[in-house]
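Data block for input_38.cif (mmCIF, C-alpha atoms):
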```
data_upload
loop_
_atom_site.label_atom_id
_atom_site.label_comp_id
_atom_site.auth_asym_id
_atom_site.auth_seq_id
_atom_site.Cartn_x
_atom_site.Cartn_y
_atom_site.Cartn_z
CA MET A 516 10.36 13.64 37.18
CA PHE A 517 10.26 17.43 36.74
CA GLU A 518 7.85 19.86 38.36
CA ALA A 519 4.32 19.29 37.04
CA PRO A 520 4.05 22.22 34.55
CA ILE A 521 7.42 21.38 32.95
CA GLN A 522 6.70 17.66 32.80
CA ARG A 523 3.32 18.37 31.22
CA LEU A 524 4.96 20.34 28.40
CA ILE A 525 7.66 17.65 27.94
CA ASP A 526 4.96 14.98 27.66
CA GLU A 527 3.03 17.01 25.08
CA LEU A 528 6.12 17.84 23.00
CA SER A 529 7.32 14.25 23.01
CA ARG A 530 4.06 13.22 21.31
CA LEU A 531 5.10 15.18 18.21
CA PRO A 532 6.59 13.22 15.29
CA GLY A 533 10.37 12.89 15.46
CA ILE A 534 10.59 14.31 19.01
CA GLY A 535 11.76 11.96 21.75
CA GLN A 536 11.92 12.56 25.51
CA LYS A 537 15.40 14.08 25.29
CA SER A 538 14.51 16.57 22.54
CA ALA A 539 11.27 17.42 24.35
CA GLN A 540 13.24 18.25 27.51
CA ARG A 541 15.64 20.43 25.52
CA LEU A 542 12.77 22.34 23.90
CA ALA A 543 10.90 22.74 27.20
CA PHE A 544 13.94 24.16 29.00
CA HIS A 545 14.70 26.39 26.02
CA LEU A 546 11.18 27.83 26.30
CA LEU A 547 11.88 28.56 29.99
CA THR A 548 14.87 30.70 29.04
CA VAL A 549 13.26 32.79 26.25
CA GLU A 550 11.29 36.00 26.87
CA GLU A 551 7.75 35.28 28.06
CA VAL A 552 6.34 37.17 25.09
CA ASP A 553 8.11 34.80 22.68
CA ALA A 554 6.76 31.71 24.43
CA ARG A 555 3.27 33.21 24.43
CA ARG A 556 3.52 33.99 20.69
CA LEU A 557 4.33 30.32 19.98
CA ALA A 558 1.39 29.12 22.08
CA GLU A 559 -0.96 31.59 20.39
CA ALA A 560 0.25 30.55 16.92
CA ILE A 561 -0.60 26.91 17.66
CA VAL A 562 -4.05 27.79 19.02
CA ALA A 563 -4.78 30.19 16.14
CA MET A 564 -3.77 27.61 13.54
CA ARG A 565 -6.08 25.01 15.04
CA GLU A 566 -8.98 27.45 15.34
CA GLN A 567 -8.70 29.14 11.97
CA VAL A 568 -7.50 26.50 9.54
CA ARG A 569 -10.07 24.32 7.81
CA LEU A 570 -10.42 22.52 4.50
CA CYS A 571 -11.31 24.34 1.28
CA GLN A 572 -14.81 23.27 0.37
CA ARG A 573 -13.88 22.93 -3.28
CA CYS A 574 -10.40 21.32 -3.39
CA PHE A 575 -9.78 20.28 0.28
CA ASN A 576 -6.58 22.28 0.53
CA VAL A 577 -5.95 23.81 3.97
CA THR A 578 -7.24 27.39 4.22
CA ASP A 579 -8.55 29.99 6.66
CA SER A 580 -11.67 30.80 4.62
CA ALA A 581 -14.40 28.86 2.85
CA GLU A 582 -12.26 28.48 -0.27
CA CYS A 583 -8.46 28.50 -0.52
CA SER A 584 -6.54 31.29 -2.28
CA ILE A 585 -5.94 29.10 -5.34
CA CYS A 586 -9.65 28.33 -5.79
CA ARG A 587 -10.51 32.04 -5.30
CA ASP A 588 -7.96 33.17 -7.91
CA LEU A 589 -10.00 33.80 -11.07
CA ARG A 590 -6.86 33.94 -13.22
CA ARG A 591 -6.26 30.24 -12.71
CA ASP A 592 -7.42 27.76 -15.36
CA SER A 593 -10.40 25.91 -13.92
CA SER A 594 -10.45 23.38 -16.79
CA LEU A 595 -7.19 21.90 -15.50
CA VAL A 596 -7.08 20.06 -12.16
CA CYS A 597 -3.99 18.56 -10.53
CA VAL A 598 -4.82 15.70 -8.13
CA VAL A 599 -2.49 15.28 -5.14
CA GLU A 600 -2.47 12.93 -2.14
CA ARG A 601 -1.91 15.54 0.60
CA ALA A 602 -2.32 19.30 0.95
CA GLN A 603 1.47 19.65 1.47
CA ASP A 604 2.00 18.38 -2.09
CA ILE A 605 0.29 21.51 -3.50
CA VAL A 606 3.16 23.68 -2.26
CA VAL A 607 5.68 21.42 -4.03
CA VAL A 608 3.84 21.69 -7.37
CA GLU A 609 3.31 25.45 -6.90
CA LYS A 610 7.06 25.96 -6.40
CA THR A 611 7.70 24.73 -9.96
CA GLY A 612 5.79 27.78 -11.30
CA GLU A 613 4.71 25.56 -14.23
CA PHE A 614 1.12 24.91 -13.26
CA ARG A 615 -1.70 27.46 -13.56
CA GLY A 616 -4.69 25.21 -12.99
CA ARG A 617 -6.46 24.19 -9.78
CA TYR A 618 -5.95 21.32 -7.36
CA HIS A 619 -7.83 18.48 -5.71
CA VAL A 620 -6.56 16.87 -2.48
CA LEU A 621 -7.57 13.20 -2.21
CA GLY A 622 -6.47 12.73 1.39
CA GLY A 623 -4.35 9.65 0.65
CA ALA A 624 -3.96 6.94 -1.97
CA ILE A 625 -5.65 3.64 -2.73
CA SER A 626 -3.83 0.87 -0.87
CA PRO A 627 -5.26 -2.62 -1.45
CA ILE A 628 -2.90 -4.05 1.16
CA GLU A 629 -4.20 -1.72 3.87
CA GLY A 630 -7.79 -1.93 2.68
CA ILE A 631 -7.94 1.76 1.69
CA GLY A 632 -10.31 1.98 -1.24
CA PRO A 633 -11.64 4.89 -3.32
CA GLU A 634 -14.59 5.40 -0.98
CA GLN A 635 -12.21 6.38 1.84
CA LEU A 636 -10.73 9.14 -0.36
CA ARG A 637 -12.31 12.28 -1.88
CA MET A 638 -12.89 10.50 -5.16
CA ARG A 639 -16.64 11.14 -5.37
CA GLU A 640 -16.00 14.86 -4.88
CA LEU A 641 -13.45 14.76 -7.74
CA VAL A 642 -15.98 13.23 -10.13
CA ALA A 643 -18.62 15.78 -9.09
CA ARG A 644 -16.15 18.65 -9.63
CA THR A 645 -15.09 17.57 -13.10
CA ALA A 646 -18.71 17.61 -14.24
CA ALA A 647 -19.74 20.79 -12.43
CA GLU A 648 -16.69 22.90 -13.30
CA GLY A 649 -16.18 21.76 -16.90
CA VAL A 650 -12.80 20.19 -16.21
CA LYS A 651 -11.08 19.09 -19.43
CA GLU A 652 -7.90 17.55 -18.05
CA VAL A 653 -6.97 15.93 -14.74
CA ILE A 654 -3.25 15.61 -14.00
CA VAL A 655 -2.64 12.87 -11.45
CA ALA A 656 0.32 13.91 -9.25
CA THR A 657 0.14 11.10 -6.69
CA ASN A 658 3.45 9.59 -5.52
CA PRO A 659 5.18 7.22 -7.99
CA THR A 660 4.57 4.28 -5.63
CA VAL A 661 2.35 1.23 -6.08
CA GLU A 662 -0.37 3.05 -4.10
CA GLY A 663 0.00 6.26 -6.14
CA ASP A 664 0.01 4.35 -9.45
CA THR A 665 -3.08 2.35 -8.41
CA THR A 666 -4.87 5.60 -7.57
CA ALA A 667 -3.94 7.04 -10.97
CA LEU A 668 -5.25 3.93 -12.76
CA TYR A 669 -8.52 4.17 -10.83
CA ILE A 670 -8.96 7.88 -11.67
CA ALA A 671 -8.34 7.12 -15.35
CA ARG A 672 -10.93 4.34 -15.22
CA ILE A 673 -13.68 6.54 -13.79
CA LEU A 674 -12.95 9.84 -15.57
CA LYS A 675 -11.98 8.80 -19.10
CA PRO A 676 -15.48 7.50 -19.94
CA LEU A 677 -16.77 11.00 -19.00
CA GLY A 678 -14.62 12.50 -21.77
CA VAL A 679 -11.99 13.96 -19.41
CA ARG A 680 -8.32 13.71 -20.42
CA VAL A 681 -6.37 12.01 -17.60
CA SER A 682 -2.59 12.41 -17.52
CA ARG A 683 0.07 11.30 -15.06
CA LEU A 684 3.27 13.08 -13.99
CA ALA A 685 6.21 11.58 -15.87
CA SER A 686 8.62 9.27 -14.06
CA GLY A 687 12.28 9.35 -14.94
CA LEU A 688 15.77 10.40 -14.08
CA PRO A 689 16.27 13.11 -11.45
CA VAL A 690 17.91 16.29 -12.79
CA GLY A 691 21.57 16.31 -11.76
CA GLY A 692 21.56 12.56 -11.13
CA ASP A 693 23.93 9.98 -12.56
CA LEU A 694 22.70 7.32 -15.02
CA ASP A 695 24.86 4.74 -13.20
CA TYR A 696 22.70 5.00 -10.12
CA ALA A 697 19.32 4.79 -11.83
CA ASP A 698 17.34 1.67 -10.95
CA GLU A 699 15.96 -0.42 -13.80
CA ILE A 700 12.33 0.38 -12.99
CA THR A 701 12.81 4.16 -13.12
CA LEU A 702 15.09 3.92 -16.17
CA GLY A 703 12.54 1.70 -17.91
CA ARG A 704 9.86 4.34 -17.35
CA ALA A 705 12.22 7.09 -18.51
CA LEU A 706 12.81 5.15 -21.74
CA SER A 707 9.14 4.47 -22.42
CA GLY A 708 8.29 8.11 -21.69
CA ARG A 709 11.19 9.60 -23.75
CA ARG A 710 10.65 12.81 -25.69
CA ASP A 711 11.65 13.90 -29.19
CA LEU A 712 14.26 16.67 -29.34
CA MET B 1004 25.24 4.56 22.68
CA ALA B 1005 27.54 1.61 23.45
CA PRO B 1006 29.29 0.08 20.41
CA VAL B 1007 27.64 -3.03 18.98
CA PRO B 1008 29.76 -6.12 19.76
CA TRP B 1009 31.54 -7.35 16.62
CA HIS B 1010 30.01 -10.83 16.76
CA ILE B 1011 26.45 -9.68 16.26
CA VAL B 1012 27.22 -7.34 13.37
CA ALA B 1013 26.89 -9.08 10.03
CA LEU B 1014 26.18 -8.46 6.39
CA ARG B 1015 23.68 -10.98 5.11
CA ASN B 1016 22.67 -11.78 1.54
CA ASP B 1017 19.06 -12.71 0.99
CA GLN B 1018 16.33 -12.53 -1.60
CA GLY B 1019 12.65 -11.91 -1.29
CA ILE B 1020 9.47 -10.40 -2.67
CA VAL B 1021 8.50 -7.03 -1.22
CA LEU B 1022 5.14 -7.38 0.54
CA ARG B 1023 4.68 -3.84 1.85
CA GLY B 1024 6.43 -0.91 3.42
CA PHE B 1025 5.64 1.94 5.73
CA PRO B 1026 7.24 5.37 6.26
CA PHE B 1027 9.86 5.51 8.97
CA GLY B 1028 11.36 8.79 10.19
CA GLU B 1029 11.99 11.64 7.74
CA ALA B 1030 12.78 9.83 4.50
CA ASP B 1031 13.24 6.14 5.39
CA ARG B 1032 10.88 3.23 4.94
CA VAL B 1033 10.58 -0.07 6.78
CA VAL B 1034 10.24 -2.72 4.09
CA VAL B 1035 8.62 -6.10 4.76
CA LEU B 1036 9.81 -8.86 2.42
CA LEU B 1037 9.01 -12.54 2.07
CA SER B 1038 12.21 -14.56 1.82
CA PRO B 1039 12.18 -18.29 1.01
CA ASN B 1040 14.93 -18.91 3.59
CA SER B 1041 14.09 -16.49 6.41
CA GLY B 1042 10.33 -16.04 6.12
CA LYS B 1043 9.16 -12.53 6.71
CA VAL B 1044 12.00 -10.03 6.94
CA ARG B 1045 11.73 -6.43 8.12
CA ALA B 1046 14.52 -4.02 7.30
CA VAL B 1047 15.04 -0.28 6.99
CA ALA B 1048 15.76 1.30 3.61
CA LYS B 1049 17.39 4.61 4.44
CA GLY B 1050 16.51 7.65 2.36
CA VAL B 1051 14.32 5.57 0.01
CA ARG B 1052 11.58 8.22 -0.09
CA LYS B 1053 13.94 10.88 -1.46
CA THR B 1054 13.80 11.36 -5.23
CA LYS B 1055 17.56 10.81 -5.51
CA SER B 1056 17.55 7.60 -3.47
CA ARG B 1057 19.91 4.96 -4.87
CA PHE B 1058 17.23 2.34 -4.21
CA GLY B 1059 14.71 4.08 -6.50
CA GLY B 1060 11.73 1.88 -7.27
CA ARG B 1061 13.45 -1.40 -6.40
CA LEU B 1062 11.79 -1.73 -3.00
CA GLU B 1063 8.20 -1.20 -4.10
CA PRO B 1064 5.66 -3.95 -3.30
CA PHE B 1065 5.54 -6.99 -5.64
CA THR B 1066 9.23 -6.64 -6.65
CA HIS B 1067 11.42 -9.75 -6.34
CA VAL B 1068 14.83 -8.52 -5.20
CA ASP B 1069 18.24 -9.70 -4.14
CA LEU B 1070 19.50 -7.69 -1.20
CA VAL B 1071 22.29 -7.23 1.30
CA VAL B 1072 21.15 -6.50 4.85
CA TYR B 1073 23.38 -5.11 7.56
CA GLU B 1074 22.15 -6.81 10.70
CA GLY B 1075 22.06 -4.44 13.63
CA ARG B 1076 20.78 -5.00 17.12
CA ASN B 1077 17.15 -4.36 16.22
CA LEU B 1078 16.03 -3.76 12.64
CA GLY B 1079 18.45 -4.60 9.85
CA THR B 1080 19.44 -1.95 7.30
CA ILE B 1081 19.30 -2.63 3.58
CA THR B 1082 22.61 -1.64 2.01
CA GLN B 1083 22.27 -3.01 -1.56
CA VAL B 1084 19.35 -4.07 -3.73
CA SER B 1085 19.13 -5.52 -7.21
CA VAL B 1086 15.97 -6.53 -9.03
CA ILE B 1087 15.45 -10.19 -9.95
CA GLU B 1088 11.96 -9.65 -11.37
CA ALA B 1089 9.87 -6.46 -11.31
CA PHE B 1090 6.53 -7.74 -12.73
CA PRO B 1091 5.98 -4.39 -14.51
CA ALA B 1092 2.67 -5.35 -16.15
CA VAL B 1093 1.10 -5.93 -12.70
CA ARG B 1094 1.57 -2.27 -11.72
CA ALA B 1095 0.21 -0.97 -14.99
CA ASP B 1096 -3.25 -2.51 -14.74
CA LEU B 1097 -5.82 -1.80 -12.03
CA ASP B 1098 -7.36 -5.29 -11.96
CA ARG B 1099 -3.96 -6.94 -11.73
CA VAL B 1100 -2.63 -4.62 -9.03
CA LEU B 1101 -5.72 -5.26 -6.87
CA ALA B 1102 -5.25 -9.04 -7.31
CA ALA B 1103 -1.55 -8.70 -6.43
CA GLY B 1104 -2.61 -6.77 -3.33
CA THR B 1105 -4.66 -9.75 -2.16
CA MET B 1106 -1.80 -12.14 -2.92
CA VAL B 1107 0.73 -10.21 -0.82
CA GLU B 1108 -1.80 -9.71 1.99
CA VAL B 1109 -2.39 -13.46 2.19
CA ALA B 1110 1.35 -14.25 1.91
CA ASP B 1111 1.91 -11.77 4.75
CA ALA B 1112 -0.80 -13.45 6.87
CA ILE B 1113 0.44 -17.03 6.46
CA THR B 1114 4.16 -16.44 7.17
CA HIS B 1115 6.22 -15.43 10.18
CA GLU B 1116 9.53 -13.74 10.85
CA GLY B 1117 12.50 -16.10 11.17
CA GLU B 1118 10.63 -19.18 9.88
CA PRO B 1119 11.58 -20.44 6.39
CA ALA B 1120 8.67 -20.02 3.99
CA LEU B 1121 9.68 -21.69 0.74
CA ARG B 1122 6.19 -22.88 -0.24
CA ALA B 1123 4.53 -19.54 0.49
CA PHE B 1124 7.32 -17.74 -1.39
CA LEU B 1125 6.99 -19.99 -4.47
CA LEU B 1126 3.21 -19.59 -4.40
CA LEU B 1127 3.47 -15.80 -4.33
CA GLN B 1128 6.12 -15.82 -7.06
CA ARG B 1129 3.94 -18.03 -9.30
CA GLY B 1130 0.90 -15.87 -8.62
CA LEU B 1131 2.71 -12.66 -9.57
CA LYS B 1132 4.20 -14.33 -12.66
CA ALA B 1133 0.76 -15.44 -13.81
CA LEU B 1134 -0.58 -11.90 -13.27
CA ASP B 1135 2.34 -10.36 -15.12
CA ALA B 1136 2.10 -12.71 -18.10
CA ALA B 1137 -1.54 -12.24 -19.05
CA PRO B 1138 -4.67 -10.24 -18.18
CA ARG B 1139 -6.18 -11.26 -14.85
CA HIS B 1140 -7.99 -14.60 -15.07
CA PRO B 1141 -11.35 -14.25 -13.24
CA ASP B 1142 -10.51 -17.27 -11.03
CA LEU B 1143 -6.84 -16.48 -10.36
CA VAL B 1144 -7.36 -14.95 -6.90
CA ALA B 1145 -9.67 -17.80 -5.83
CA ALA B 1146 -7.10 -20.35 -7.02
CA PHE B 1147 -4.37 -18.48 -5.15
CA LEU B 1148 -6.43 -18.49 -1.93
CA LEU B 1149 -7.09 -22.24 -2.21
CA LYS B 1150 -3.38 -22.92 -2.69
CA ALA B 1151 -2.54 -20.65 0.24
CA ALA B 1152 -4.93 -22.73 2.37
CA ALA B 1153 -2.99 -25.84 1.28
CA VAL B 1154 0.31 -24.16 2.29
CA VAL B 1155 -0.94 -23.67 5.84
CA GLY B 1156 -2.37 -27.21 5.96
CA VAL B 1157 -6.08 -26.49 5.65
CA ALA B 1158 -6.69 -27.35 1.98
CA PRO B 1159 -10.45 -27.88 1.67
CA ALA B 1160 -11.64 -31.34 0.65
CA PHE B 1161 -13.70 -31.32 -2.56
CA ASP B 1162 -13.90 -34.94 -3.75
CA HIS B 1163 -14.30 -36.78 -0.44
CA CYS B 1164 -16.04 -36.14 2.85
CA ALA B 1165 -13.73 -34.16 5.17
CA GLY B 1166 -15.21 -36.15 8.07
CA CYS B 1167 -15.22 -39.83 6.97
CA GLY B 1168 -13.52 -39.83 3.57
CA ARG B 1169 -16.40 -41.37 1.59
CA ARG B 1170 -16.88 -40.13 -1.94
CA GLU B 1171 -20.67 -40.36 -2.31
CA ASP B 1172 -23.56 -38.33 -1.04
CA LEU B 1173 -21.44 -35.17 -0.61
CA THR B 1174 -24.16 -32.61 -0.03
CA ARG B 1175 -22.73 -29.98 2.31
CA PHE B 1176 -19.77 -27.66 2.54
CA SER B 1177 -18.40 -26.51 5.87
CA PHE B 1178 -15.83 -23.77 6.50
CA ALA B 1179 -15.07 -25.11 9.99
CA GLY B 1180 -15.30 -28.76 8.89
CA GLY B 1181 -12.62 -28.37 6.21
CA GLY B 1182 -14.57 -28.83 2.97
CA VAL B 1183 -17.37 -31.01 1.66
CA LEU B 1184 -19.25 -33.32 4.04
CA CYS B 1185 -21.61 -36.25 3.58
CA GLU B 1186 -25.11 -36.28 5.08
CA ASN B 1187 -23.90 -38.36 8.06
CA ASP B 1188 -21.09 -35.96 8.96
CA ARG B 1189 -22.94 -32.69 8.39
CA ILE B 1190 -22.32 -30.21 11.18
CA PRO B 1191 -24.16 -27.01 12.15
CA GLY B 1192 -23.24 -24.14 9.84
CA ALA B 1193 -22.56 -26.41 6.86
CA ILE B 1194 -24.05 -24.90 3.72
CA VAL B 1195 -25.49 -26.44 0.57
CA LEU B 1196 -23.50 -25.60 -2.57
CA ARG B 1197 -25.12 -25.30 -5.98
CA PRO B 1198 -24.70 -28.46 -8.09
CA GLY B 1199 -21.47 -28.24 -10.06
CA LEU B 1200 -19.77 -25.67 -7.81
CA THR B 1201 -17.76 -28.28 -5.87
CA GLY B 1202 -16.34 -29.67 -9.10
CA TYR B 1203 -15.59 -26.17 -10.32
CA LEU B 1204 -13.71 -25.36 -7.09
CA ALA B 1205 -11.81 -28.67 -7.29
CA GLY B 1206 -10.73 -27.77 -10.85
CA ILE B 1207 -9.41 -24.38 -9.75
CA ALA B 1208 -7.66 -25.82 -6.68
CA SER B 1209 -5.72 -28.44 -8.62
CA ALA B 1210 -4.75 -26.36 -11.68
CA ASP B 1211 -1.47 -24.53 -12.20
CA LEU B 1212 -1.88 -20.78 -11.60
CA ALA B 1213 -0.50 -20.05 -15.06
CA ALA B 1214 -2.84 -22.52 -16.79
CA LEU B 1215 -6.23 -22.26 -15.09
CA PRO B 1216 -9.23 -23.86 -16.83
CA ALA B 1217 -11.51 -21.51 -18.76
CA SER B 1218 -13.62 -19.46 -16.39
CA ASP B 1219 -17.39 -20.00 -16.24
CA PRO B 1220 -19.28 -16.79 -15.35
CA ALA B 1221 -22.06 -18.94 -13.85
CA PHE B 1222 -19.70 -20.22 -11.13
CA SER B 1223 -16.82 -17.75 -10.91
CA GLY B 1224 -18.37 -15.23 -8.49
CA GLU B 1225 -19.72 -17.91 -6.14
CA ALA B 1226 -16.40 -19.80 -6.21
CA MET B 1227 -14.63 -16.62 -5.09
CA GLY B 1228 -17.22 -16.01 -2.35
CA VAL B 1229 -16.87 -19.52 -0.89
CA THR B 1230 -13.08 -19.43 -1.14
CA ARG B 1231 -12.90 -16.03 0.53
CA ARG B 1232 -15.10 -17.11 3.45
CA PHE B 1233 -13.07 -20.31 3.81
CA ILE B 1234 -9.66 -18.61 3.97
CA GLU B 1235 -10.95 -15.80 6.21
CA TYR B 1236 -12.39 -18.37 8.59
CA HIS B 1237 -9.09 -20.22 8.87
CA LEU B 1238 -6.88 -17.13 9.02
CA GLU B 1239 -9.27 -15.68 11.62
CA ARG B 1240 -9.19 -12.28 9.91
CA ARG B 1241 -10.86 -10.34 7.14
CA LEU B 1242 -8.82 -9.73 4.02
CA ALA B 1243 -8.71 -5.94 3.74
CA SER B 1244 -7.63 -5.98 0.09
CA LEU B 1245 -10.84 -7.77 -0.93
CA THR B 1246 -12.88 -4.84 0.37
CA VAL B 1247 -11.21 -2.53 -2.18
CA ASP B 1248 -13.32 -2.43 -5.31
CA GLY B 1249 -11.77 -1.14 -8.50
#
```

What would the structure in this file look like if it were written as structure tokens?
Amino acid sequence: MFEAPIQRLIDELSRLPGIGQKSAQRLAFHLLTVEEVDARRLAEAIVAMREQVRLCQRCFNVTDSAECSICRDLRRDSSLVCVVERAQDIVVVEKTGEFRGRYHVLGGAISPIEGIGPEQLRMRELVARTAAEGVKEVIVATNPTVEGDTTALYIARILKPLGVRVSRLASGLPVGGDLDYADEITLGRALSGRRDL
Amino acid sequence: MAPVPWHIVALRNDQGIVLRGFPFGEADRVVVLLSPNSGKVRAVAKGVRKTKSRFGGRLEPFTHVDLVVYEGRNLGTITQVSVIEAFPAVRADLDRVLAAGTMVEVADAITHEGEPALRAFLLLQRGLKALDAAPRHPDLVAAFLLKAAAVVGVAPAFDHCAGCGRREDLTRFSFAGGGVLCENDRIPGAIVLRPGLTGYLAGIASADLAALPASDPAFSGEAMGVTRRFIEYHLERRLASLTVDG
């Protein structure tokens, strides 16, 4: 529809998640109006990210060196490992400022319905790490979904016999929420996981 | 966008068991439910992936819910949900959750959108109830698969020849032939089952899911293997959940 170079960019942009043809057109024409140096910087950032970013060989976080900054940080407690589904989840846990251990990215969660089993995830690497690095506790921070809970149960089954403490992030009421709106499943978990004051 | 004509906009009450869901957009999820009246139902739960979602955990797989769906032009939108039964013990045990995964996968495979599915719904409900009530019986999944085969009209014959109906000389079992066969009716591909296994399978197939006969370790594994091959043959697909080993 448009001249070939513009249409090519529109086609590429519209393949991105959440971007339809209309948004892709808007972005493409916006890039035509900005300074050439700005457009070039965007293109270079995309290329550089793809060329430089790889997976940390220890925890499978995204990094630009052999090991990520968290694994390289000697001040962090290597006996404590937080297991997450995706690398993006590390940032969320880090923002709390409450965790000083290391991480392990599984690359997904066990989903019996979709046929995703432990062998499709970085489960073997987790077991090898706990033995090699003297891990004492594994905190499972997978999503509180059926898939995330199943993954947590599996990790507990394989690591507990090795003498590793396996814990799970608590489920309960969101801070600032209203009790009226809590569903019975979440409220039930909040009750069973209540704390003494 | 043109306004939706008033006559195709409707709020509909329904109930169903959540089979699965997949992420949709930023924070929504498309939920697939099995309703006794409407068969498989797909609807969008808006914002369900946010921690402050008003739906919370109500739309997780295996939950039996009552819901109100706003019917749009394409996918409906879930506006209210209340839990009828959550089967909490199923989610808390790895063996049970894997069995429940197979149950919902089979229920998903044998039902269609817009076609009432009362028998498949009741079967799934009974299966989840049995799993929730007690630790997983070693033959529960096999029994569920045999009953699912009956729901779709391919219940295997165990006490008479699937070809001629005679009750003696039943030496073979055929996946394509629909169960046990006599020597006269044997067809290529029919296998020989170990003595006693046919009776064991017949016992599982006829028992209530909540009151299965005591399991025999000598037969249990083989019974599951035969049942799995049988249902996979008739559904013309592999059951992905059975490849997941806990």

- Hits of the PyMOL selection byres ((chain B) within 9 of (chain A)) in this structure, as a PyMOL selection string: chain B and resi 1022-1023+1028-1029+1054-1061+1063-1065+1085-1086+1089+1091+1094-1097+1100-1105+1107-1108+1242-1249

Take the residues that were just selected and, keeping C-alpha atoms, output them as a PDB file, in the frame of the given file.
```pdb
ATOM      1  CA  LEU B1022       5.140  -7.380   0.540  1.00  0.00           C
ATOM      2  CA  ARG B1023       4.680  -3.840   1.850  1.00  0.00           C
ATOM      3  CA  GLY B1028      11.360   8.790  10.190  1.00  0.00           C
ATOM      4  CA  GLU B1029      11.990  11.640   7.740  1.00  0.00           C
ATOM      5  CA  THR B1054      13.800  11.360  -5.230  1.00  0.00           C
ATOM      6  CA  LYS B1055      17.560  10.810  -5.510  1.00  0.00           C
ATOM      7  CA  SER B1056      17.550   7.600  -3.470  1.00  0.00           C
ATOM      8  CA  ARG B1057      19.910   4.960  -4.870  1.00  0.00           C
ATOM      9  CA  PHE B1058      17.230   2.340  -4.210  1.00  0.00           C
ATOM     10  CA  GLY B1059      14.710   4.080  -6.500  1.00  0.00           C
ATOM     11  CA  GLY B1060      11.730   1.880  -7.270  1.00  0.00           C
ATOM     12  CA  ARG B1061      13.450  -1.400  -6.400  1.00  0.00           C
ATOM     13  CA  GLU B1063       8.200  -1.200  -4.100  1.00  0.00           C
ATOM     14  CA  PRO B1064       5.660  -3.950  -3.300  1.00  0.00           C
ATOM     15  CA  PHE B1065       5.540  -6.990  -5.640  1.00  0.00           C
ATOM     16  CA  SER B1085      19.130  -5.520  -7.210  1.00  0.00           C
ATOM     17  CA  VAL B1086      15.970  -6.530  -9.030  1.00  0.00           C
ATOM     18  CA  ALA B1089       9.870  -6.460 -11.310  1.00  0.00           C
ATOM     19  CA  PRO B1091       5.980  -4.390 -14.510  1.00  0.00           C
ATOM     20  CA  ARG B1094       1.570  -2.270 -11.720  1.00  0.00           C
ATOM     21  CA  ALA B1095       0.210  -0.970 -14.990  1.00  0.00           C
ATOM     22  CA  ASP B1096      -3.250  -2.510 -14.740  1.00  0.00           C
ATOM     23  CA  LEU B1097      -5.820  -1.800 -12.030  1.00  0.00           C
ATOM     24  CA  VAL B1100      -2.630  -4.620  -9.030  1.00  0.00           C
ATOM     25  CA  LEU B1101      -5.720  -5.260  -6.870  1.00  0.00           C
ATOM     26  CA  ALA B1102      -5.250  -9.040  -7.310  1.00  0.00           C
ATOM     27  CA  ALA B1103      -1.550  -8.700  -6.430  1.00  0.00           C
ATOM     28  CA  GLY B1104      -2.610  -6.770  -3.330  1.00  0.00           C
ATOM     29  CA  THR B1105      -4.660  -9.750  -2.160  1.00  0.00           C
ATOM     30  CA  VAL B1107       0.730 -10.210  -0.820  1.00  0.00           C
ATOM     31  CA  GLU B1108      -1.800  -9.710   1.990  1.00  0.00           C
ATOM     32  CA  LEU B1242      -8.820  -9.730   4.020  1.00  0.00           C
ATOM     33  CA  ALA B1243      -8.710  -5.940   3.740  1.00  0.00           C
ATOM     34  CA  SER B1244      -7.630  -5.980   0.090  1.00  0.00           C
ATOM     35  CA  LEU B1245     -10.840  -7.770  -0.930  1.00  0.00           C
ATOM     36  CA  THR B1246     -12.880  -4.840   0.370  1.00  0.00           C
ATOM     37  CA  VAL B1247     -11.210  -2.530  -2.180  1.00  0.00           C
ATOM     38  CA  ASP B1248     -13.320  -2.430  -5.310  1.00  0.00           C
ATOM     39  CA  GLY B1249     -11.770  -1.140  -8.500  1.00  0.00           C
TER      40      GLY B1249
END
```

- Message: Going by the chain IDs and residue numbers used in this file, which residues fall under the PyMOL selection byres ((chain B and resi 1047) around 9)? Write them as number ranges by chain.
- Response: B: 1027, 1031-1035, 1045-1046, 1048-1049, 1072, 1078-1081

- Which is closer to Val679 in chain A than all the others in A:Gly612, A:Gly535, A:Gly649, A:Gly623, using all atoms listed in the file? A:Gly649

- Item | Long-range neighbours of Ala1013 in chain B as a VMD selection string, 8 Å cut-off, all atoms listed in the file, 5 positions minimum in chain | chain B and resid 1073 to 1075

- Run the PyMOL selection byres ((chain B and resi 1171) around 10) against the file shown and list the residues it catches, as a PyMOL selection string. chain B and resi 1162-1164+1168-1170+1172-1174+1184-1186

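Considering all atoms listed in the file, the residue among B:Ala1165, B:Val1195, B:Ala1205, B:Val1093 positioned nearest to Pro1138 in chain B is B:Val1093.
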